[in-house]
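**Student:** Contents of upload.cif (mmCIF, C-alpha atoms) are given next:
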```
data_data
#
loop_
_atom_site.label_atom_id
_atom_site.label_comp_id
_atom_site.auth_asym_id
_atom_site.auth_seq_id
_atom_site.Cartn_x
_atom_site.Cartn_y
_atom_site.Cartn_z
CA MET B 2 88.71 79.71 81.65
CA PHE B 3 90.73 81.62 84.26
CA SER B 4 94.20 80.40 85.20
CA LYS B 5 96.32 81.43 88.19
CA ALA B 6 99.35 83.63 87.49
CA GLY B 7 101.31 84.77 90.54
CA VAL B 8 98.97 86.93 92.62
CA GLY B 9 96.70 87.40 89.61
CA TRP B 10 94.64 85.61 87.00
CA VAL B 11 94.72 85.27 83.21
CA TYR B 12 91.74 84.82 80.88
CA GLU B 13 92.79 82.47 78.03
CA GLY B 14 95.92 84.55 77.33
CA PHE B 15 93.77 87.54 76.32
CA PHE B 16 93.80 89.69 79.42
CA GLY B 17 94.93 89.42 83.01
CA VAL B 18 94.17 90.78 86.44
CA ASP B 19 97.23 91.75 88.54
CA VAL B 20 99.61 89.58 86.51
CA PRO B 21 103.36 89.21 87.18
CA GLU B 22 105.94 90.77 84.89
CA ASP B 23 106.72 87.51 83.06
CA VAL B 24 103.12 86.90 81.89
CA ASP B 25 102.52 87.93 78.28
CA VAL B 26 99.03 89.44 77.96
CA GLN B 27 97.81 92.41 75.94
CA ILE B 28 95.56 93.93 78.61
CA VAL B 29 95.95 94.09 82.39
CA LEU B 30 93.28 95.07 84.89
CA VAL B 31 94.85 96.38 88.10
CA THR B 32 93.11 95.98 91.46
CA HIS B 33 95.61 98.13 93.40
CA TYR B 34 99.05 99.68 93.25
CA HIS B 35 101.10 97.34 95.47
CA GLU B 36 104.11 96.32 93.41
CA ARG B 37 103.58 92.57 93.21
CA HIS B 38 100.09 93.22 91.82
CA ILE B 39 101.13 95.85 89.31
CA ALA B 40 104.41 94.46 87.94
CA GLY B 41 102.92 92.95 84.77
CA ALA B 42 100.82 96.04 84.05
CA ARG B 43 103.96 98.13 83.54
CA TRP B 44 104.70 96.12 80.36
CA ALA B 45 101.20 95.59 78.97
CA LYS B 46 99.88 97.38 75.89
CA LYS B 47 96.70 98.44 77.69
CA VAL B 48 96.06 99.00 81.40
CA ILE B 49 92.80 99.56 83.27
CA ILE B 50 93.36 101.17 86.67
CA ASN B 51 91.80 103.48 89.24
CA PRO B 52 93.27 107.03 89.04
CA ILE B 53 94.34 107.02 92.70
CA GLU B 54 96.16 103.72 92.22
CA TYR B 55 97.78 105.01 89.03
CA SER B 56 99.15 108.05 90.86
CA MET B 57 100.55 105.95 93.70
CA ALA B 58 102.14 103.53 91.20
CA THR B 59 103.84 106.17 89.04
CA ASP B 60 104.46 109.29 91.18
CA LEU B 61 107.34 108.53 93.53
CA GLN B 62 107.13 111.82 95.39
CA ARG B 63 103.43 111.39 96.09
CA ALA B 64 103.96 107.82 97.27
CA LEU B 65 106.79 108.92 99.57
CA ARG B 66 104.79 111.84 101.00
CA TYR B 67 101.81 109.57 101.64
CA SER B 68 103.98 107.00 103.42
CA GLU B 69 105.70 109.64 105.54
CA VAL B 70 102.44 111.19 106.74
CA VAL B 71 100.82 107.81 107.49
CA LEU B 72 103.83 106.57 109.47
CA ARG B 73 104.05 109.79 111.51
CA ARG B 74 100.32 109.82 112.28
CA ALA B 75 100.48 106.15 113.29
CA GLY B 76 103.41 106.66 115.67
CA ALA B 77 105.64 104.21 113.75
CA PRO B 78 109.35 104.04 114.66
CA LYS B 79 111.21 106.95 113.06
CA ASP B 80 114.12 104.77 111.90
CA VAL B 81 111.90 102.39 109.90
CA LYS B 82 111.35 103.19 106.22
CA PRO B 83 108.80 101.40 104.01
CA ALA B 84 109.76 100.11 100.57
CA VAL B 85 108.21 102.52 98.07
CA VAL B 86 108.33 101.80 94.32
CA ALA B 87 107.03 103.96 91.47
CA ALA B 88 107.66 103.67 87.73
CA PRO B 89 105.94 104.48 84.41
CA PHE B 90 103.70 102.22 82.32
CA ARG B 91 104.83 101.29 78.83
CA GLY B 92 101.38 101.02 77.27
CA SER B 93 98.17 103.03 77.15
CA VAL B 94 96.49 103.69 80.50
CA TYR B 95 92.73 103.99 80.95
CA LYS B 96 91.60 105.29 84.34
CA PHE B 97 88.23 104.23 85.71
CA THR B 98 86.59 104.54 89.11
CA ALA B 99 83.39 102.65 88.25
CA GLY B 100 81.21 101.53 85.34
CA TRP B 101 81.88 99.20 82.42
CA VAL B 102 84.86 98.63 80.13
CA ASP B 103 84.57 96.79 76.82
CA LEU B 104 87.39 94.37 75.95
CA GLY B 105 86.46 93.07 72.53
CA ASP B 106 83.65 90.59 73.00
CA LEU B 107 83.78 90.91 76.78
CA SER B 108 82.43 93.64 79.02
CA VAL B 109 84.15 94.16 82.37
CA ARG B 110 82.33 95.65 85.33
CA VAL B 111 84.50 98.08 87.33
CA LEU B 112 83.55 98.00 91.02
CA PRO B 113 84.98 100.41 93.63
CA CYS B 114 86.29 98.33 96.55
CA GLY B 115 88.57 100.90 98.21
CA SER B 116 89.21 99.32 101.58
CA HIS B 117 92.57 97.57 101.05
CA THR B 118 93.97 100.69 99.37
CA TRP B 119 92.07 103.93 98.78
CA GLY B 120 91.42 103.20 95.11
CA HIS B 121 91.27 99.41 95.32
CA THR B 122 89.10 98.09 92.49
CA CYS B 123 87.27 94.82 91.91
CA TYR B 124 86.42 93.57 88.41
CA GLY B 125 83.41 91.54 87.33
CA VAL B 126 83.82 89.38 84.21
CA GLU B 127 80.81 87.24 83.33
CA ASN B 128 80.07 85.45 86.65
CA ALA B 129 83.59 85.97 88.07
CA ILE B 130 84.67 88.79 90.34
CA PHE B 131 88.33 89.54 90.97
CA VAL B 132 88.91 91.09 94.40
CA GLY B 133 92.69 91.34 94.69
CA ASP B 134 93.65 91.56 98.38
CA LEU B 135 90.25 92.62 99.68
CA ASP B 136 90.60 89.95 102.38
CA SER B 137 93.87 91.40 103.66
CA TRP B 138 94.95 94.74 105.22
CA ILE B 139 92.35 97.49 105.65
CA VAL B 140 92.77 101.26 105.14
CA SER B 141 89.13 102.17 105.85
CA VAL B 142 86.93 100.03 108.07
CA GLY B 143 83.74 101.85 107.08
CA VAL B 144 84.39 101.30 103.38
CA PHE B 145 85.29 97.65 104.04
CA ILE B 146 81.91 97.09 105.70
CA ASN B 147 80.12 98.80 102.79
CA VAL B 148 82.02 96.70 100.24
CA LEU B 149 80.98 93.49 101.98
CA SER B 150 77.37 94.68 101.87
CA SER B 151 77.68 95.34 98.13
CA LEU B 152 79.25 91.94 97.46
CA ARG B 153 76.34 90.20 99.17
CA GLY B 154 74.16 91.44 96.33
CA LEU B 155 76.25 89.68 93.66
CA LYS B 156 74.53 86.33 94.02
CA GLY B 157 75.82 83.58 91.75
CA TYR B 158 79.30 85.12 91.32
CA VAL B 159 82.54 83.28 91.98
CA VAL B 160 85.24 85.27 93.79
CA TYR B 161 88.88 85.07 92.63
CA THR B 162 91.34 86.37 95.22
CA GLY B 163 94.93 87.57 95.09
CA HIS B 164 95.88 84.63 97.30
CA GLY B 165 94.88 82.07 94.70
CA GLY B 166 91.52 81.13 96.08
CA ARG B 167 88.20 80.88 94.29
CA GLU B 168 84.86 80.42 96.04
CA PRO B 169 81.20 81.43 95.77
CA VAL B 170 80.72 85.06 96.70
CA GLU B 171 78.41 84.10 99.57
CA GLU B 172 81.10 81.91 101.14
CA PHE B 173 83.77 84.57 100.58
CA VAL B 174 81.70 87.27 102.30
CA GLU B 175 80.89 84.96 105.21
CA ARG B 176 84.54 83.98 105.63
CA ILE B 177 86.00 87.48 105.63
CA SER B 178 83.13 88.81 107.77
CA SER B 179 84.06 86.22 110.39
CA SER B 180 87.75 87.11 110.11
CA PHE B 181 86.92 90.82 110.41
CA LYS B 182 84.93 90.21 113.60
CA LYS B 183 87.87 88.37 115.18
CA LEU B 184 90.31 91.05 114.02
CA THR B 185 88.14 93.79 115.51
CA GLU B 186 88.12 91.95 118.84
CA LYS B 187 91.94 91.81 118.73
CA TYR B 188 92.13 95.55 118.05
CA VAL B 189 89.85 96.25 121.02
CA GLU B 190 92.11 94.11 123.24
CA CYS B 191 95.18 96.01 122.01
CA LEU B 192 93.92 99.57 122.54
CA GLY B 193 96.15 99.89 125.58
CA GLU B 194 99.13 100.18 123.20
CA LYS B 195 97.91 103.79 122.67
CA VAL B 196 99.16 104.61 119.12
CA PRO B 197 97.93 103.00 115.88
CA TYR B 198 101.21 101.37 114.85
CA ARG B 199 101.69 99.58 118.17
CA ILE B 200 97.99 98.71 118.39
CA ALA B 201 98.15 97.13 114.90
CA LEU B 202 101.38 95.32 115.70
CA CYS B 203 99.72 93.87 118.80
CA ALA B 204 96.56 92.88 116.89
CA ARG B 205 98.30 91.46 113.81
CA GLY B 206 101.46 90.09 115.44
CA GLY B 207 103.69 91.53 112.68
CA GLY B 208 103.70 92.89 109.16
CA ASP B 209 104.97 95.63 106.86
CA VAL B 210 105.36 98.96 108.67
CA LEU B 211 103.17 100.89 106.21
CA ARG B 212 100.40 98.28 106.20
CA LEU B 213 100.41 98.22 110.01
CA SER B 214 100.28 102.01 110.15
CA GLU B 215 97.44 102.32 107.63
CA GLU B 216 95.31 99.67 109.29
CA GLY B 217 96.10 100.88 112.79
CA ILE B 218 94.80 104.35 111.94
CA ALA B 219 91.71 102.85 110.27
CA PHE B 220 90.79 100.80 113.35
CA VAL B 221 91.57 103.59 115.82
CA LYS B 222 89.09 105.83 114.00
CA TYR B 223 86.49 103.06 113.72
CA LEU B 224 86.73 102.04 117.37
CA ALA B 225 86.60 105.67 118.52
CA GLU B 226 83.48 106.23 116.40
CA ASN B 227 81.88 103.20 118.04
CA GLY B 228 82.68 104.16 121.62
CA TYR B 229 85.54 101.77 122.39
CA ALA B 230 88.18 104.49 122.65
CA LYS B 231 88.70 108.22 122.85
CA ILE B 232 91.20 109.95 120.57
CA VAL B 233 93.27 112.31 122.73
CA ASN B 234 95.81 113.38 120.09
CA THR B 235 96.03 113.25 116.28
CA PHE B 236 99.73 113.66 115.42
CA PRO B 237 100.41 110.92 116.16
CA TYR B 238 96.96 109.52 116.86
CA THR B 239 96.82 108.57 120.51
CA VAL B 240 93.86 106.81 122.11
CA LYS B 241 92.58 105.96 125.54
CA PRO B 242 90.32 102.90 125.92
CA THR B 243 86.86 103.66 127.31
CA TYR B 244 86.11 100.17 128.64
#
```
Please, can you express the file's structure as structure tokens?
**Tutor:**
Amino acid sequence: MFSKAGVGWVYEGFFGVDVPEDVDVQIVLVTHYHERHIAGARWAKKVIINPIEYSMATDLQRALRYSEVVLRRAGAPKDVKPAVVAAPFRGSVYKFTAGWVDLGDLSVRVLPCGSHTWGHTCYGVENAIFVGDLDSWIVSVGVFINVLSSLRGLKGYVVYTGHGGREPVEEFVERISSSFKKLTEKYVECLGEKVPYRIALCARGGGDVLRLSEEGIAFVKYLAENGYAKIVNTFPYTVKPTY
């Protein structure tokens, strides 16, 4: 029923989720604005997308301002610039934050999952749920935890990820919960690096400068809220471990 297409999936040639540019489908559901996930949507006749993700995908100035502020707050190197892409969509765009969307004989459930990007969206189709890169970088730890709690209630669903995997939702939640626990332990160990960018680089071992900066800020806030660190400055964020 669902076939793999790049980082996305296609339903019998009718619609796709996060399809590449060379996949010919009428309708594309977008989980988030990162370019490899949104490339095919720019050419589709109909696009379903969260309004925040739409703005980041089409408004270059907003995307650049966002990146600049995040990198400065994270203490990222000043000479490093993230790759920012924004361009218009050719077809009709329908912006949803939650609810249901009818696609002919199919109804799609729109589920807010904003922890990988701020407007990250999951889509439920019959017993399938498409989660994009939910098991990847994190921009809000609190939201991530809430999303996992919500997914636990979708018993009987099969999760389709942006990395090509498919597994029962229970196994998916268990797997990424375990990974999150290990990642949190790494962030705690790396708090001595003081600023979010360097803390994230220590915890992750590498990655895109913007992803590191976003996630570093997210974990600094989360660990400060839970007593592992004290924030002593906010521009850039600077922390002191409390252990």
**Student:** List the neighbours of stretch 74-90 of chain B out to 10 Å using all atoms listed in the file; skip same-chain residues closer than 5 positions along the sequence, and give me the result as a VMD selection string.
**Tutor:** chain B and resid 34 to 36 39 to 48 55 to 65 68 to 69 195 to 201 209 to 219 221 234 to 239
**Student:** Considering only C-alpha atoms, can you say which of B:Asp23, B:Gly100, B:Met2, B:Val148 comes closest to B:Glu127?
**Tutor:**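 Among the listed residues, the smallest separation from B:Glu127 belongs to B:Met2.
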**Student:** From the set B:Val170, B:Ile177, B:Val11, B:Ile50, which residue has the shortest atom-to-atom contact distance to B:Pro113, counting all atoms listed in the file?
**Tutor:**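 Closest residue, counting all atoms listed in the file: B:Ile50.
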**Student:** Counting all atoms listed in the file, which residue out of B:Gly157, B:Asn128, B:Gly163, B:His117 sits closest to B:Pro21?
**Tutor:**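 Closest to B:Pro21, using all atoms listed in the file: B:Gly163.
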**Student:** List as a list of chain:residue names the protein and nucleic acid residues near B:Arg176, meaning an atom at most 12 Å away when all atoms listed in the file are counted, but skip any in the same chain fewer than 5 places from it.
**Tutor:**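 Within the cut-off, the hits are B:Leu135, B:Asp136, B:Leu149, B:Val160, B:Glu168, B:Pro169, B:Val170, B:Glu171, B:Phe181, B:Lys182, B:Lys183.
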**Student:** Mind dumping the selected residues with C-alpha atoms as a short mmCIF file (atom, residue, chain, number, x, y, z; two decimals), in the coordinates of the input?
**Tutor:**
```cif
data_model
loop_
_atom_site.label_atom_id
_atom_site.label_comp_id
_atom_site.auth_asym_id
_atom_site.auth_seq_id
_atom_site.Cartn_x
_atom_site.Cartn_y
_atom_site.Cartn_z
CA LEU B 135 90.25 92.62 99.68
CA ASP B 136 90.60 89.95 102.38
CA LEU B 149 80.98 93.49 101.98
CA VAL B 160 85.24 85.27 93.79
CA GLU B 168 84.86 80.42 96.04
CA PRO B 169 81.20 81.43 95.77
CA VAL B 170 80.72 85.06 96.70
CA GLU B 171 78.41 84.10 99.57
CA PHE B 181 86.92 90.82 110.41
CA LYS B 182 84.93 90.21 113.60
CA LYS B 183 87.87 88.37 115.18
#
```
**Student:** What residues come out when you apply the PyMOL selection byres ((chain B and resi 114) around 12) to this file, written as an mmCIF file with C-alpha atoms, in the frame of the given file?
**Tutor:**
```
data_model
loop_
_atom_site.group_PDB
_atom_site.id
_atom_site.type_symbol
_atom_site.label_atom_id
_atom_site.label_comp_id
_atom_site.auth_asym_id
_atom_site.auth_seq_id
_atom_site.Cartn_x
_atom_site.Cartn_y
_atom_site.Cartn_z
ATOM 1 C CA THR B 32 93.110 95.980 91.460
ATOM 2 C CA HIS B 33 95.610 98.130 93.400
ATOM 3 C CA ASN B 51 91.800 103.480 89.240
ATOM 4 C CA THR B 98 86.590 104.540 89.110
ATOM 5 C CA ALA B 99 83.390 102.650 88.250
ATOM 6 C CA VAL B 111 84.500 98.080 87.330
ATOM 7 C CA LEU B 112 83.550 98.000 91.020
ATOM 8 C CA PRO B 113 84.980 100.410 93.630
ATOM 9 C CA GLY B 115 88.570 100.900 98.210
ATOM 10 C CA SER B 116 89.210 99.320 101.580
ATOM 11 C CA HIS B 117 92.570 97.570 101.050
ATOM 12 C CA THR B 118 93.970 100.690 99.370
ATOM 13 C CA TRP B 119 92.070 103.930 98.780
ATOM 14 C CA GLY B 120 91.420 103.200 95.110
ATOM 15 C CA HIS B 121 91.270 99.410 95.320
ATOM 16 C CA THR B 122 89.100 98.090 92.490
ATOM 17 C CA CYS B 123 87.270 94.820 91.910
ATOM 18 C CA TYR B 124 86.420 93.570 88.410
ATOM 19 C CA GLY B 125 83.410 91.540 87.330
ATOM 20 C CA ILE B 130 84.670 88.790 90.340
ATOM 21 C CA PHE B 131 88.330 89.540 90.970
ATOM 22 C CA VAL B 132 88.910 91.090 94.400
ATOM 23 C CA GLY B 133 92.690 91.340 94.690
ATOM 24 C CA ASP B 134 93.650 91.560 98.380
ATOM 25 C CA LEU B 135 90.250 92.620 99.680
ATOM 26 C CA ASP B 136 90.600 89.950 102.380
ATOM 27 C CA ILE B 139 92.350 97.490 105.650
ATOM 28 C CA VAL B 140 92.770 101.260 105.140
ATOM 29 C CA SER B 141 89.130 102.170 105.850
ATOM 30 C CA VAL B 142 86.930 100.030 108.070
ATOM 31 C CA GLY B 143 83.740 101.850 107.080
ATOM 32 C CA VAL B 144 84.390 101.300 103.380
ATOM 33 C CA PHE B 145 85.290 97.650 104.040
ATOM 34 C CA ILE B 146 81.910 97.090 105.700
ATOM 35 C CA ASN B 147 80.120 98.800 102.790
ATOM 36 C CA VAL B 148 82.020 96.700 100.240
ATOM 37 C CA LEU B 149 80.980 93.490 101.980
ATOM 38 C CA SER B 150 77.370 94.680 101.870
ATOM 39 C CA SER B 151 77.680 95.340 98.130
ATOM 40 C CA LEU B 152 79.250 91.940 97.460
#
```
**Student:** I need the residue nearest B:Arg153 from this list: B:Val233, B:Val24, B:Val189, B:Val174. Use only C-alpha atoms for the distance.
**Tutor:**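 Checking each of B:Val233, B:Val24, B:Val189, B:Val174 against B:Arg153, counting only C-alpha atoms, the winner is B:Val174.
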**Student:** Quick one: distance from atom CA of B:Ser93 to atom CA of B:Glu54 in Å, one decimal?
**Tutor:** 15.2 Å
**Student:** So how far away is atom CA of B:Asp19 from atom CA of B:Val102, in Å?
**Tutor:**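 The value is 16.5 Å.
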**Student:** Atom CA of B:Ala129 and atom CA of B:Ser4, how far apart in Å?
**Tutor:** 12.3 Å
**Student:** Tell me which of B:Ile53, B:Leu104, B:Leu184, B:Ala225 sits closest to B:Gly17, counting all atoms listed in the file.
**Tutor:**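 Ranked by minimum distance to B:Gly17, first place goes to B:Leu104.
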**Student:** Given all atoms listed in the file as the basis, pick out the residue of B:Val31, B:Ala230, B:Val26, B:Leu155 nearest to B:Phe97.
**Tutor:**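 Residue with the minimum atom-to-atom distance to B:Phe97: B:Val31.
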**Student:** Put the listed atoms of stretch 191-199 of chain B in a box along x, y and z with 5 Å added on every side and give me the centre and edge lengths in Å to one decimal, as AutoDock Vina command-line options.
**Tutor:**
```
--center_x 97.8 --center_y 100.3 --center_z 120.2 --size_x 17.8 --size_y 18.6 --size_z 20.7
```
**Student:** Got a sec to write stretch 224-236 of chain B of the block to a file, all heavy atoms, as a short mmCIF file (atom, residue, chain, number, x, y, z; two decimals), in the first residue's frame?
**Tutor:**
```cif
data_model
loop_
_atom_site.label_atom_id
_atom_site.label_comp_id
_atom_site.auth_asym_id
_atom_site.auth_seq_id
_atom_site.Cartn_x
_atom_site.Cartn_y
_atom_site.Cartn_z
N LEU B 224 17.41 20.66 31.08
CA LEU B 224 18.25 20.23 32.19
C LEU B 224 18.28 21.27 33.31
O LEU B 224 18.37 20.92 34.49
CB LEU B 224 19.67 19.93 31.69
CG LEU B 224 19.76 18.72 30.74
CD1 LEU B 224 21.18 18.57 30.21
CD2 LEU B 224 19.30 17.44 31.43
N ALA B 225 18.17 22.55 32.95
CA ALA B 225 18.08 23.59 33.97
C ALA B 225 16.77 23.47 34.74
O ALA B 225 16.74 23.60 35.97
CB ALA B 225 18.21 24.97 33.34
N GLU B 226 15.67 23.20 34.02
CA GLU B 226 14.37 23.04 34.66
C GLU B 226 14.34 21.85 35.62
O GLU B 226 13.58 21.84 36.60
CB GLU B 226 13.28 22.87 33.60
CG GLU B 226 12.99 24.13 32.80
CD GLU B 226 12.14 23.84 31.57
OE1 GLU B 226 11.82 22.66 31.33
OE2 GLU B 226 11.81 24.81 30.85
N ASN B 227 15.18 20.85 35.33
CA ASN B 227 15.19 19.64 36.15
C ASN B 227 16.37 19.57 37.12
O ASN B 227 16.67 18.51 37.65
CB ASN B 227 15.18 18.41 35.23
CG ASN B 227 13.82 18.18 34.60
OD1 ASN B 227 12.96 17.55 35.20
ND2 ASN B 227 13.61 18.72 33.39
N GLY B 228 17.01 20.72 37.34
CA GLY B 228 18.00 20.82 38.40
C GLY B 228 19.41 20.36 38.09
O GLY B 228 20.25 20.30 38.99
N TYR B 229 19.70 20.02 36.83
CA TYR B 229 21.04 19.56 36.48
C TYR B 229 22.01 20.71 36.22
O TYR B 229 23.23 20.52 36.23
CB TYR B 229 20.99 18.67 35.24
CG TYR B 229 20.33 17.33 35.47
CD1 TYR B 229 18.98 17.15 35.17
CD2 TYR B 229 21.05 16.26 35.97
CE1 TYR B 229 18.36 15.93 35.39
CE2 TYR B 229 20.45 15.03 36.19
CZ TYR B 229 19.10 14.88 35.89
OH TYR B 229 18.50 13.66 36.11
N ALA B 230 21.48 21.88 35.93
CA ALA B 230 22.32 23.02 35.59
C ALA B 230 21.63 24.32 35.98
O ALA B 230 20.41 24.36 36.19
CB ALA B 230 22.64 23.02 34.10
N LYS B 231 22.42 25.37 36.06
CA LYS B 231 21.90 26.71 36.30
C LYS B 231 22.27 27.59 35.12
O LYS B 231 23.43 27.62 34.71
CB LYS B 231 22.48 27.28 37.59
CG LYS B 231 21.99 28.69 37.91
CD LYS B 231 22.60 29.21 39.21
CE LYS B 231 22.11 30.63 39.49
NZ LYS B 231 22.70 31.16 40.75
N ILE B 232 21.28 28.28 34.55
CA ILE B 232 21.55 29.19 33.45
C ILE B 232 22.05 30.51 34.03
O ILE B 232 21.36 31.16 34.81
CB ILE B 232 20.28 29.42 32.60
CG1 ILE B 232 19.85 28.11 31.94
CG2 ILE B 232 20.52 30.49 31.54
CD1 ILE B 232 18.54 28.19 31.18
N VAL B 233 23.26 30.90 33.65
CA VAL B 233 23.87 32.12 34.20
C VAL B 233 23.89 33.26 33.20
O VAL B 233 24.19 34.40 33.54
CB VAL B 233 25.31 31.84 34.71
CG1 VAL B 233 25.28 30.85 35.85
CG2 VAL B 233 26.20 31.32 33.57
N ASN B 234 23.55 32.97 31.94
CA ASN B 234 23.46 34.00 30.90
C ASN B 234 22.53 33.49 29.80
O ASN B 234 22.37 32.28 29.65
CB ASN B 234 24.85 34.31 30.33
CG ASN B 234 24.84 35.58 29.49
OD1 ASN B 234 23.99 36.46 29.65
ND2 ASN B 234 25.80 35.69 28.57
N THR B 235 21.91 34.40 29.06
CA THR B 235 20.96 33.96 28.02
C THR B 235 21.33 34.42 26.61
O THR B 235 20.61 34.10 25.68
CB THR B 235 19.54 34.45 28.35
OG1 THR B 235 19.54 35.87 28.45
CG2 THR B 235 19.03 33.82 29.63
N PHE B 236 22.40 35.17 26.44
CA PHE B 236 22.74 35.62 25.07
C PHE B 236 24.24 35.75 24.91
O PHE B 236 24.78 36.85 24.98
CB PHE B 236 22.06 36.95 24.77
CG PHE B 236 21.68 37.11 23.32
CD1 PHE B 236 20.41 36.77 22.90
CD2 PHE B 236 22.59 37.56 22.38
CE1 PHE B 236 20.04 36.91 21.56
CE2 PHE B 236 22.25 37.70 21.05
CZ PHE B 236 20.96 37.39 20.64
#
```
